[in-house]
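Novice: Handing you this structure, nothing more for now.
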Amino acid sequence: MFHYDFRPRGVCSQAIHVDLSDDGTTIEGVTFEGGCNGNLKAIGKLVKGQPVDQIAIILDGNTCGPRRTSCADQLSHALREAQAAARV
């Protein structure tokens, strides 16, 4: 398992913790620090076991109110960074 910590920008969440399969293709777990606790725990449950590429595409560009980003959008960035780091 590969672990990656991401600091989101422009959202309430202060950190996103990502666990990927050793090859970086599958999400093994996601947790958030801060933000909307129930919603973010639900996102973590929904993405577990899913392909990184598929989830990153689905969540990319999701907004929150007037913001141009959201915790889900920031998760898409975290997943891409984690995947790139896992492949190094």
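Numbering starts fresh at 1 for the residues of each chain in the structure tokens, the chains themselves are lettered A, B, ... in the order given, and ligands are numbered from 1 as they appear.
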Applying 8 Å and only C-alpha atoms, which residues near segment 83-86 of chain A remain after dropping the ones on its own chain fewer than 5 positions away? List them as number ranges by chain.
Specialist: A: 2, 20, 22-25, 52
Novice: If you keep C-alpha atoms, can you produce a file of those selected residues as a PDB file, in the first residue's frame?
Specialist:
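Written output follows (again-v2.pdb):
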```pdb
ATOM      1  CA  PHE A   2       1.198   3.521  -0.822  1.00  0.00           C
ATOM      2  CA  LEU A  20      -3.446   3.517  -2.975  1.00  0.00           C
ATOM      3  CA  ASP A  22       1.183  -0.536  -4.567  1.00  0.00           C
ATOM      4  CA  ASP A  23       0.881   0.038  -8.311  1.00  0.00           C
ATOM      5  CA  GLY A  24      -1.065   3.301  -7.766  1.00  0.00           C
ATOM      6  CA  THR A  25      -4.125   2.271  -9.749  1.00  0.00           C
ATOM      7  CA  VAL A  52      -7.913   6.197  -9.357  1.00  0.00           C
TER       8      VAL A  52
END
```
Novice: Could you name the residues that touch segment 30-37 of chain A at 10 Å or less, counting only C-alpha atoms, but leaving out those on the same chain fewer than 3 positions away, as a count of residues only?
Specialist: 31
Novice: A:Glu81, A:Gly29, A:Gly10, A:Gln50: which is nearest Arg68 of chain A, counting only C-alpha atoms?
Specialist: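 Among A:Glu81, A:Gly29, A:Gly10, A:Gln50, it is A:Gly10 that comes nearest to Arg68 of chain A.
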Novice: I need the residues of segment 7-58 of chain A that end up classed as strand (DSSP E or B) by DSSP on the backbone, written out as a list of chain:residue names.
Specialist: A:Ala15, A:Ile16, A:His17, A:Val18, A:Asp19, A:Leu20, A:Thr26, A:Ile27, A:Glu28, A:Gly29, A:Val30, A:Thr31, A:Phe32, A:Glu33, A:Pro51
Novice: Mind pulling up the distance from atom CA of Ser21 of chain A to atom CA of Gly61 of chain A?
Specialist: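 Value for the atom CA of Gly61 of chain A-atom CA of Ser21 of chain A distance: 24.6 Å.
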Novice: Of the residues A:Gln54, A:Thr26, A:Arg9, A:Met1, which is the one nearest to Thr69 of chain A, using only C-alpha atoms?
Specialist: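 Ranked by minimum distance to Thr69 of chain A, first place goes to A:Arg9.
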Novice: Could you give me the residues within chain A that DSSP places in alpha helix (DSSP H), as a ChimeraX atom specification?
Specialist: /A:37-47,52-59,71-86
